[in-house]
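Participant: First the structure, which I've put down as structure tokens, then a few questions once you've had a look.
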Number of protein chains: 4
Amino acid sequence: MSSTYGENLKLSIFGQSHGAGIGMTLDGIPAGLPVDTEKLQIFLNRRAPGQNDWSTPRREEDRPEFLAGILDGYTCGAPIAAVIHNKNTRSGDYRNLLDCPRPGHADYTANIKYGGFQDAAGGGHFSGRLTAPLCIAGGLCKQWLEEMGICIGAHILAIGECGDTYFDPIDPELESIHSDFPVLDPEAGAAMRDCIAQVRSAGDSVGGIIECAVTGLPAGIGEPMFGGVESRIAQIVYGIPAVKGVEFGIGFDCACLPGSQSNDDFTILDGKIVTQTNNAGGIQGGITNGMPEIFTAAIKATPSISCPQKSVSLSRMEEQTLEIKGRHDPCIVPRAVPVMEAAAAIAIYDMILGNTQTNRRKN
Amino acid sequence: MSSTYGENLKLSIFGQSHGAGIGMTLDGIPAGLPVDTEKLQIFLNRRAPGQNDWSTPRREEDRPEFLAGILDGYTCGAPIAAVIHNKNTRSGDYRNLLDCPRPGHADYTANIKYGGFQDAAGGGHFSGRLTAPLCIAGGLCKQWLEEMGICIGAHILAIGECGDTYFDPIDPELESIHSDFPVLDPEAGAAMRDCIAQVRSAGDSVGGIIECAVTGLPAGIGEPMFGGVESRIAQIVYGIPAVKGVEFGIGFDCACLPGSQSNDDFTILDGKIVTQTNNAGGIQGGITNGMPEIFTAAIKATPSISCPQKSVSLSRMEEQTLEIKGRHDPCIVPRAVPVMEAAAAIAIYDMILGNTQTNRRKN
Amino acid sequence: MSSTYGENLKLSIFGQSHGAGIGMTLDGIPAGLPVDTEKLQIFLNRRAPGQNDWSTPRREEDRPEFLAGILDGYTCGAPIAAVIHNKNTRSGDYRNLLDCPRPGHADYTANIKYGGFQDAAGGGHFSGRLTAPLCIAGGLCKQWLEEMGICIGAHILAIGECGDTYFDPIDPELESIHSDFPVLDPEAGAAMRDCIAQVRSAGDSVGGIIECAVTGLPAGIGEPMFGGVESRIAQIVYGIPAVKGVEFGIGFDCACLPGSQSNDDFTILDGKIVTQTNNAGGIQGGITNGMPEIFTAAIKATPSISCPQKSVSLSRMEEQTLEIKGRHDPCIVPRAVPVMEAAAAIAIYDMILGNTQTNRRKN
Amino acid sequence: MSSTYGENLKLSIFGQSHGAGIGMTLDGIPAGLPVDTEKLQIFLNRRAPGQNDWSTPRREEDRPEFLAGILDGYTCGAPIAAVIHNKNTRSGDYRNLLDCPRPGHADYTANIKYGGFQDAAGGGHFSGRLTAPLCIAGGLCKQWLEEMGICIGAHILAIGECGDTYFDPIDPELESIHSDFPVLDPEAGAAMRDCIAQVRSAGDSVGGIIECAVTGLPAGIGEPMFGGVESRIAQIVYGIPAVKGVEFGIGFDCACLPGSQSNDDFTILDGKIVTQTNNAGGIQGGITNGMPEIFTAAIKATPSISCPQKSVSLSRMEEQTLEIKGRHDPCIVPRAVPVMEAAAAIAIYDMILGNTQTNRRKN
């Protein structure tokens, strides 16, 4: 198992940053689900670079070609396959990466694992570019979830020291945030952009936190223990490059809260059982309880920076100063927002497909 | 997939809190690995309750009977199966849980998912008691990893507001911490015990954070994307009841650190390539880099508390005040420390079994 | 993957012939399914040895203890675990098997794979005794399938040169065959018993063929390619010791039939689409077509025979004559009949759980 | 699980007969394995149609484009992805298949499963054309196995009533058979071609049997029970369209052989332990014993025939006579020979990757 995900659906992601193409196959999807490719393109564009002043100006067009699995606007039951052909492939720029690994990247670990045979150009298979096929699969799952009334939205919770307000955990507002710099508080957004501008001019980079919410999830989704919603979502979210932390509900803050405050008391609202608070992020025992499902993920600063860094020459086994040329995103957090939504959509749709919930009721 | 874990080894955990027995099967383990059952028992005892003043006095003896897979002190290649027979099984105490779910527990979600057919007594399959078979599997994997020079240790990083010092991320000290209240700083430990005593007398409970480190891991373990070390460890750690956050290396703090500080620069020490810092927790691109692997997990406060809580009667669909009787752990964090080690051991041993690292070197 | 089966349910089988216990865990089963343990015992007894004159007189009682997963006669959603404790365990009889492998058994291959650490007594994990836990899982699945109107039955099609008549492929008669020597034609049965008596008195053994039919299967079960009904059934049936051939419908006879005769023409019967013949055994493109699903499996002669055989001493690397003492089944085919039903039941129930059939209809 | 195979490698096959492209992703392959694309093309050409007088004259060029996973002639550790672009795609010819299913094809079952949304043209995802990407994956695995000294070869054992001689089970001759009509006995081959010519002129079709052998396999490959060599090979071989029977060694003939004859006695040859016969096809207890691994598979007659057949109109629910136009292979057996080799290569390479054989030896 490596670039493959799913218990019921089977997602397989392929490609290297500067290879001939990147793409995905998505197997196990029922026939007859509508596919809106224009809506998908709008979703993919949220991840695409070069659209604004806080990301790299290298402009790629992430327009997938569907090779299989879709017919006349509907899934046909066969595996879905899509490819994004790379326009500017292999270049000589990256050759010395094989000898001098960039700090914070996977250059060194790939070299150890693949014995020098890895495709080092642009980070190869470890490139953030591989989140594009993840967004194809996730964008499709998101459409199918919306058909069931399940909505997924995310926003930038923090960039550097600048923080946005949190979602209302009982009733998160997902509609307003689908901009290309999604925040709940515009002032916080302005401060974040300033922060990004500063690190950019310093040749440095900055990380951040993304908060993601899912509404409309019925209770009963998820399996016990290792098949729980947290397990399934964390597995896929940690598959996104640069993620170093994932928490659900109040997450790490739960350490400080006594049980009397962290337990979500039950009540009845409009004839429906709900919880009064949502510290658990909508999950108890790994299973959804009908409240919004909420998680946050920490994204480290882009490792590609202009400042000189210390590395080593693998062939000569001596220290070496490394300067990375080219222009890179000073902050990938805004572009990672739709990726987080995509990952959540895939995990949740997979769990719904394999749901073992009984349809009986004990008297 | 639910109570099953592993890509190469196959762990299956079974049992309900008050059922006839709890246990596990562990398939895919090579023959000829030594099994030290006494050492395993010492490990299991670290998790067992009633051993001290900060946990529940209900004393269980978690002594596994091995039904299969071990012969004359060695694995024999057949699946390993172990069972812990429950002494005090089914009682009438928990019957009303079927109608009035406890806040913070899985009672409600289990009821929705299993339609009233679930074993509600003591939380059934969702009970923390199921971490005992996890520790059997993990204790075995830990022994086999130690044979390879890989050591795993964890300590209580925080309980409530009281925090311990962090592991030295370059050279974590794992030897000194194997007490039944493992901390690095004894004074912090004393403060934590005071905190637990306070919440206990208030009929309340408290959560905490555990930090876990793995030393001796060779570089090159882990697969790209969804098979990365973070993905594999997070999946199993989130299978432990009450875990609400998992982070690697500096985790969520990475959001505030510029790339120039968060990147781990390479250097050469004693003829070996190492990083000068270890913000990444020993993982780049999902693959180990030879530095210590470090992660932390947040544990919420025990949901079982004596104070009255608000719940609902499912049959009458009306609000109801719930008082939970019996004695419960005011804080499960100390007992969760070996569980965290067990989870890490299983995940890492699984990845080592399935390692696709090449044994060739490109010229 | 080894002693684990299932895409949606997860079956894990453990135990060695003379170990402390054999058993299984079965995960992923919905809650609320009725479990009739008496009916299960009757099914298990069909497999048990020593019940009659054509099998070994060693009498074991295969009475499973359910440790988990069943409550008040219904599945409770937690993994089901059952164990059969061995009465007469480890004995000295089998020690020399480690040095002198029995022809036709897995002694030699186990020795190579497990380096001498394997449990050789009675064949260890490779013993036919391990079909008992398979029958526990299969007996349960069979009950749940019957609740849906899906019936599974098998009979002895051949023993040595003596052949029974085939099932009517359009309307197989499953009711009459549940004896302990299930055949369709009593005269064929008598000839088969004679054949067994002869090989027994010669200290030899004999193999046979089992035909299995499944009725009531709705159309649309099974997935394309490697998830087809044939693939899924063949995988589990080949997990039964001694099976050397599996075919579906007319199987190998299809080689001789021209397309004009082997194609199953469609027609309409009682307002339902059916095929006029059933050469395909109810499966087209790996997916059920609503006709009875029919397959046959070849079982080789019991390798344990009294006649002297040629083997080698592994330690001395020299040829050696081997005489196997003790009494063994001269023919395991009758006892393998319920095992075949069990295997089919597990595979089919697994496919039904994970069925991706759409519930929409294109206009 | 459907069009996905593998426990350790992960093969995912996509495409529909007349879609934009067919292809595969192959994940989990170590880096540094050489890839000879010319040798692969020669292998693929053995499967390609229109090369001779016994197959359909529709000429396709199955030349895969590798999108990912291969760099400078070696695997690079990233998933391998390849696509064959279809030249003559979607046509109007197949539209009525949606209403009038062809006997012997998957048209009807696909219609039930996919609710009319399936891609019916040319059989869609169920087309034999999907064996081309299977051969890409298999052709690669075959190369990597050959590097280890493991060879795979297959020949036509029978077409209709005309039979070839069997492989010598102790020492199968694999070198001479790589023609486009591979048989061991040239006279048998001539009779088979006559048989094909006859059914072709009658507008009919004919099936056959393929025998496949693997030499050079070390002992100890394969896992117990459901992970045995037979289970793993049968699962993938039944994924090949038209296969209706799979047997190992003497297969169904084992029913008639007494144990004294079917057991393969051990002896020592050139200081190596071997068996004197090879009735088991090189497998004991699911694990290789170092002898050649041999299996046969039955292929039914091509269901596409020119003669009128009986079918039904799904929309009008009435019987209908169907005449299939166009030119089709009167016998696909010759083209299925390399497909069988490909399937075996994938299964065996997968088992070698995940081999749990111990590297220790008990004293």
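Identifiers in this document derive from the order of the structure tokens: chains are assigned A, B, ..., residues are numbered from 1 separately in each chain, and ligands are numbered from 1 in order of occurrence.
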Using only C-alpha atoms, I'd like every residue of chain D that has an atom within 7 Å of chain B; please write them out as a ChimeraX atom specification.
Facilitator: /D:28-32,354,356-358,360
Participant: Let's have the selection written as a short mmCIF file (atom, residue, chain, number, x, y, z; two decimals), in the first residue's frame, with C-alpha atoms.
Facilitator:
data_model
loop_
_atom_site.label_atom_id
_atom_site.label_comp_id
_atom_site.auth_asym_id
_atom_site.auth_seq_id
_atom_site.Cartn_x
_atom_site.Cartn_y
_atom_site.Cartn_z
CA GLY D 28 4.17 -1.01 -4.74
CA ILE D 29 7.00 -1.98 -7.12
CA PRO D 30 10.54 -1.42 -5.79
CA ALA D 31 12.78 1.07 -7.55
CA GLY D 32 15.69 0.07 -9.73
CA GLY D 354 5.00 -10.16 0.31
CA THR D 356 6.81 -13.97 4.95
CA GLN D 357 9.37 -16.77 4.77
CA THR D 358 11.71 -16.71 7.76
CA ARG D 360 16.24 -18.17 10.45
#
Participant: Report the residues of region 168-354 of chain D whose backbone DSSP state falls under alpha helix (DSSP H), written as number ranges by chain.
Facilitator: D: 186-201, 229-237, 259-262, 333-353
Participant: Output N, CA and C atoms of each residue in that selection to a file, as a short mmCIF file (atom, residue, chain, number, x, y, z; two decimals), in the first residue's frame.
Facilitator:
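As written to disk, out_35.cif reads:
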data_model
loop_
_atom_site.label_atom_id
_atom_site.label_comp_id
_atom_site.auth_asym_id
_atom_site.auth_seq_id
_atom_site.Cartn_x
_atom_site.Cartn_y
_atom_site.Cartn_z
N PRO D 186 3.56 -30.13 -33.18
CA PRO D 186 3.14 -29.39 -34.39
C PRO D 186 1.93 -30.01 -35.07
N GLU D 187 1.82 -31.33 -35.03
CA GLU D 187 0.66 -31.96 -35.67
C GLU D 187 -0.63 -31.60 -34.96
N ALA D 188 -0.57 -31.58 -33.65
CA ALA D 188 -1.74 -31.16 -32.90
C ALA D 188 -2.11 -29.73 -33.27
N GLY D 189 -1.08 -28.90 -33.43
CA GLY D 189 -1.32 -27.52 -33.82
C GLY D 189 -2.02 -27.42 -35.15
N ALA D 190 -1.62 -28.25 -36.10
CA ALA D 190 -2.26 -28.23 -37.42
C ALA D 190 -3.73 -28.62 -37.32
N ALA D 191 -4.01 -29.65 -36.52
CA ALA D 191 -5.40 -30.08 -36.33
C ALA D 191 -6.23 -28.97 -35.69
N MET D 192 -5.62 -28.28 -34.74
CA MET D 192 -6.34 -27.19 -34.08
C MET D 192 -6.68 -26.09 -35.07
N ARG D 193 -5.74 -25.75 -35.95
CA ARG D 193 -6.00 -24.69 -36.93
C ARG D 193 -7.12 -25.10 -37.88
N ASP D 194 -7.13 -26.37 -38.22
CA ASP D 194 -8.23 -26.87 -39.06
C ASP D 194 -9.56 -26.70 -38.34
N CYS D 195 -9.56 -27.05 -37.08
CA CYS D 195 -10.78 -26.94 -36.28
C CYS D 195 -11.27 -25.49 -36.25
N ILE D 196 -10.33 -24.56 -36.07
CA ILE D 196 -10.71 -23.15 -36.03
C ILE D 196 -11.27 -22.71 -37.39
N ALA D 197 -10.61 -23.16 -38.47
CA ALA D 197 -11.08 -22.79 -39.81
C ALA D 197 -12.50 -23.28 -40.04
N GLN D 198 -12.78 -24.48 -39.54
CA GLN D 198 -14.13 -25.03 -39.71
C GLN D 198 -15.21 -24.23 -38.99
N VAL D 199 -14.96 -23.93 -37.72
CA VAL D 199 -15.99 -23.17 -36.99
C VAL D 199 -16.13 -21.77 -37.58
N ARG D 200 -15.03 -21.19 -38.05
CA ARG D 200 -15.11 -19.87 -38.66
C ARG D 200 -16.04 -19.89 -39.87
N SER D 201 -15.87 -20.88 -40.70
CA SER D 201 -16.69 -20.91 -41.91
C SER D 201 -18.15 -21.22 -41.58
N VAL D 229 -0.78 -20.35 -3.19
CA VAL D 229 -0.49 -20.11 -4.61
C VAL D 229 -1.73 -20.38 -5.45
N GLU D 230 -2.43 -21.48 -5.15
CA GLU D 230 -3.63 -21.80 -5.93
C GLU D 230 -4.68 -20.69 -5.80
N SER D 231 -4.90 -20.23 -4.58
CA SER D 231 -5.90 -19.18 -4.34
C SER D 231 -5.55 -17.90 -5.08
N ARG D 232 -4.27 -17.53 -5.01
CA ARG D 232 -3.87 -16.25 -5.60
C ARG D 232 -3.89 -16.31 -7.13
N ILE D 233 -3.45 -17.44 -7.68
CA ILE D 233 -3.46 -17.56 -9.13
C ILE D 233 -4.88 -17.71 -9.66
N ALA D 234 -5.69 -18.53 -8.98
CA ALA D 234 -7.06 -18.71 -9.46
C ALA D 234 -7.82 -17.39 -9.44
N GLN D 235 -7.59 -16.58 -8.41
CA GLN D 235 -8.32 -15.31 -8.37
C GLN D 235 -8.03 -14.45 -9.59
N ILE D 236 -6.77 -14.34 -9.97
CA ILE D 236 -6.45 -13.46 -11.10
C ILE D 236 -6.81 -14.12 -12.42
N VAL D 237 -6.63 -15.45 -12.53
CA VAL D 237 -6.94 -16.12 -13.80
C VAL D 237 -8.45 -16.05 -14.08
N GLY D 259 -4.28 -42.38 -3.10
CA GLY D 259 -3.23 -41.63 -2.43
C GLY D 259 -1.85 -42.19 -2.71
N SER D 260 -1.76 -43.52 -2.80
CA SER D 260 -0.45 -44.14 -3.04
C SER D 260 0.13 -43.72 -4.39
N GLN D 261 -0.73 -43.29 -5.32
CA GLN D 261 -0.23 -42.84 -6.62
C GLN D 261 -0.19 -41.32 -6.74
N SER D 262 -1.09 -40.65 -6.05
CA SER D 262 -1.13 -39.20 -6.24
C SER D 262 -0.11 -38.47 -5.37
N VAL D 333 -8.44 -18.57 -27.95
CA VAL D 333 -7.47 -19.31 -27.14
C VAL D 333 -6.03 -18.93 -27.45
N PRO D 334 -5.62 -18.88 -28.74
CA PRO D 334 -4.21 -18.54 -29.01
C PRO D 334 -3.83 -17.19 -28.42
N ARG D 335 -4.72 -16.21 -28.54
CA ARG D 335 -4.40 -14.88 -28.01
C ARG D 335 -4.43 -14.87 -26.48
N ALA D 336 -5.12 -15.84 -25.88
CA ALA D 336 -5.21 -15.87 -24.42
C ALA D 336 -3.97 -16.48 -23.77
N VAL D 337 -3.11 -17.10 -24.59
CA VAL D 337 -1.91 -17.75 -24.03
C VAL D 337 -1.02 -16.73 -23.30
N PRO D 338 -0.61 -15.62 -23.94
CA PRO D 338 0.21 -14.67 -23.19
C PRO D 338 -0.53 -14.04 -22.02
N VAL D 339 -1.86 -13.93 -22.12
CA VAL D 339 -2.64 -13.37 -21.02
C VAL D 339 -2.51 -14.26 -19.78
N MET D 340 -2.52 -15.58 -20.02
CA MET D 340 -2.36 -16.52 -18.91
C MET D 340 -0.99 -16.36 -18.28
N GLU D 341 0.02 -16.22 -19.11
CA GLU D 341 1.38 -16.00 -18.58
C GLU D 341 1.43 -14.69 -17.78
N ALA D 342 0.76 -13.67 -18.30
CA ALA D 342 0.76 -12.38 -17.60
C ALA D 342 0.11 -12.51 -16.23
N ALA D 343 -1.03 -13.17 -16.19
CA ALA D 343 -1.75 -13.33 -14.92
C ALA D 343 -0.88 -14.08 -13.91
N ALA D 344 -0.26 -15.17 -14.38
CA ALA D 344 0.61 -15.94 -13.47
C ALA D 344 1.76 -15.08 -12.98
N ALA D 345 2.34 -14.29 -13.89
CA ALA D 345 3.50 -13.47 -13.51
C ALA D 345 3.12 -12.45 -12.43
N ILE D 346 1.95 -11.84 -12.58
CA ILE D 346 1.51 -10.84 -11.60
C ILE D 346 1.30 -11.49 -10.24
N ALA D 347 0.60 -12.62 -10.24
CA ALA D 347 0.30 -13.30 -8.97
C ALA D 347 1.58 -13.74 -8.27
N ILE D 348 2.51 -14.28 -9.04
CA ILE D 348 3.74 -14.79 -8.43
C ILE D 348 4.62 -13.65 -7.95
N TYR D 349 4.72 -12.60 -8.75
CA TYR D 349 5.56 -11.48 -8.31
C TYR D 349 4.96 -10.85 -7.06
N ASP D 350 3.66 -10.77 -6.99
CA ASP D 350 2.98 -10.24 -5.81
C ASP D 350 3.32 -11.08 -4.57
N MET D 351 3.29 -12.40 -4.73
CA MET D 351 3.59 -13.28 -3.59
C MET D 351 5.05 -13.17 -3.16
N ILE D 352 5.93 -13.00 -4.14
CA ILE D 352 7.35 -12.86 -3.79
C ILE D 352 7.57 -11.56 -3.03
N LEU D 353 6.92 -10.50 -3.46
CA LEU D 353 7.06 -9.21 -2.76
C LEU D 353 6.62 -9.33 -1.30
#
Participant: Which parts of region 99-274 of chain A does DSSP call strand (DSSP E) when run on the backbone here, written out as a PyMOL selection string?
Facilitator: chain A and resi 151-159+162-163+208-215+243-248+266-269+272-274
Participant: Asp164 (chain C): which residues within 7 Å, counting only C-alpha atoms, same-chain residues fewer than 4 positions away excluded, as a list in words?
Facilitator: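 The contact residues come out as Ile156, Leu157, Ala158, Val183, Leu184, Asp185 and Ala188 of chain C.
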Participant: Please list as an NGL selection string every residue within 9 Å of Ala132 (chain D), counting only C-alpha atoms and excluding residues in the same chain fewer than 5 positions away.
Facilitator: :D and (22-23 or 44 or 47-48 or 62 or 84 or 137 or 339)
